[in-house]
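**Student:** Pasting in a structure now, in structure tokens, and then I'll have a few things to ask.
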Amino acid sequence: METCYRLSFEAHFRLVTIHPWVDDNGRTTRLLMNIIQRQLGLIPSIVTKESKSEYIQALIDSRKQEDSTIIQDVMLAQHIANLESRILQYQQSINDAVNDNSNTVNDTVTRLIALIKAHPEYTYDEYAKSLNIGRATVARHIKKLNGTVIKRIGSDKDGHWELITKEQ
């Protein structure tokens with residue numbers, strides 16, 4: 001795979017070195033590089049603003065020393081760093097989504113417990129309507145809370161919920 005990336009970097013370097021256009025040589029040759037990468041089934045490389053000066057210096061050094069491995073090494077290192085950064089961003093977004101979901105669940109459970117305390121006689125449907133959530137969600141939360149935080153007193157039809165205190 002590294003060889004394939006180096007091939008695309010080499011194509012980029014050769015085209016940008018001849019400077020075929022008056023303007024946009026860098027962008028156009030990076031586009032060529034990305035097309036080659038896509039054709040080879042690779043993830044396209046990005047030259048970020050933060051790494052642009054290192055990229056340009058590597059182009060200059062490669063031309064002066066007539067050694068394209070300089071630009072290839074820099075671009076490969078930048079590509080790897082970019083992928084690692086994207087992976088970390090993705091992992092953080094997953095963690096944030098899990099935490100947001102967990103906070104939402106905790107908020108729903110807290111609101112449900114408060115509602116049970118205020119209205120122990122309500123049915124699942126009444127809890128669902130009051131909390132603006134589905135009946136199945138209420139049933140799932142009550143099932144988890146039953147026996148640890150709340151308990152049922154009486155029958156399903158005529159009974160009510162009671163909070164379990166530490167003394168019980």
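Residue numbers start at 1 in each chain; chains themselves are named A, B, ... in the order of the structure tokens; ligands are numbered from 1 in the order shown.
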As an MDAnalysis selection string, which residues of chain A does DSSP assign to strand (DSSP E)?
**Tutor:** chainID A and resid 150:153 160:163
**Student:** Grab the residues selected above and save them as a PDB file, in the first residue's frame with N, CA and C atoms.
**Tutor:**
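Listing of result-v2.pdb after writing:
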ATOM      1  N   ILE A 150     -38.017   1.215  42.716  1.00  0.00           N
ATOM      2  CA  ILE A 150     -39.469   1.236  42.926  1.00  0.00           C
ATOM      3  C   ILE A 150     -39.964  -0.190  43.110  1.00  0.00           C
ATOM      4  N   LYS A 151     -41.170  -0.299  43.680  1.00  0.00           N
ATOM      5  CA  LYS A 151     -41.818  -1.612  43.762  1.00  0.00           C
ATOM      6  C   LYS A 151     -43.309  -1.415  43.547  1.00  0.00           C
ATOM      7  N   ARG A 152     -43.927  -2.461  43.083  1.00  0.00           N
ATOM      8  CA  ARG A 152     -45.363  -2.425  42.793  1.00  0.00           C
ATOM      9  C   ARG A 152     -46.124  -2.883  44.027  1.00  0.00           C
ATOM     10  N   ILE A 153     -47.094  -2.106  44.429  1.00  0.00           N
ATOM     11  CA  ILE A 153     -47.976  -2.456  45.538  1.00  0.00           C
ATOM     12  C   ILE A 153     -49.351  -2.730  44.936  1.00  0.00           C
ATOM     13  N   HIS A 160     -50.356   0.449  42.696  1.00  0.00           N
ATOM     14  CA  HIS A 160     -49.603   1.683  42.478  1.00  0.00           C
ATOM     15  C   HIS A 160     -48.112   1.413  42.721  1.00  0.00           C
ATOM     16  N   TRP A 161     -47.304   2.372  42.351  1.00  0.00           N
ATOM     17  CA  TRP A 161     -45.854   2.271  42.535  1.00  0.00           C
ATOM     18  C   TRP A 161     -45.454   2.956  43.816  1.00  0.00           C
ATOM     19  N   GLU A 162     -44.412   2.436  44.431  1.00  0.00           N
ATOM     20  CA  GLU A 162     -43.865   3.036  45.648  1.00  0.00           C
ATOM     21  C   GLU A 162     -42.353   3.080  45.518  1.00  0.00           C
ATOM     22  N   LEU A 163     -41.762   4.188  45.949  1.00  0.00           N
ATOM     23  CA  LEU A 163     -40.307   4.276  45.932  1.00  0.00           C
ATOM     24  C   LEU A 163     -39.754   3.412  47.044  1.00  0.00           C
TER      25      LEU A 163
END
**Student:** Need to verify the contact set: range 10-19 of chain A, 8 Å, only C-alpha atoms, exclusion of same-chain residues closer than 6 positions in sequence. Can you return it as a ChimeraX atom specification?
**Tutor:** /A:25-26,29-30,32-33,59,63,68,71-72
**Student:** Excluding same-chain residues fewer than 6 positions from range 36-48 of chain A, what lies within 8 Å of it counting only C-alpha atoms, as a PDB file with C-alpha atoms, in the first residue's frame?
**Tutor:**
ATOM      1  CA  CYS A   4       0.850   2.832  -4.179  1.00  0.00           C
ATOM      2  CA  TYR A   5       0.836   6.053  -2.175  1.00  0.00           C
ATOM      3  CA  SER A   8       0.673   8.871  -6.517  1.00  0.00           C
ATOM      4  CA  TYR A  55       4.833  20.466   1.988  1.00  0.00           C
ATOM      5  CA  MET A  75       3.454  13.537   2.157  1.00  0.00           C
ATOM      6  CA  GLN A  78       1.298  14.008   6.625  1.00  0.00           C
ATOM      7  CA  HIS A  79      -1.174  11.471   5.252  1.00  0.00           C
ATOM      8  CA  ASN A  82      -4.144  13.203   8.998  1.00  0.00           C
TER       9      ASN A  82
END
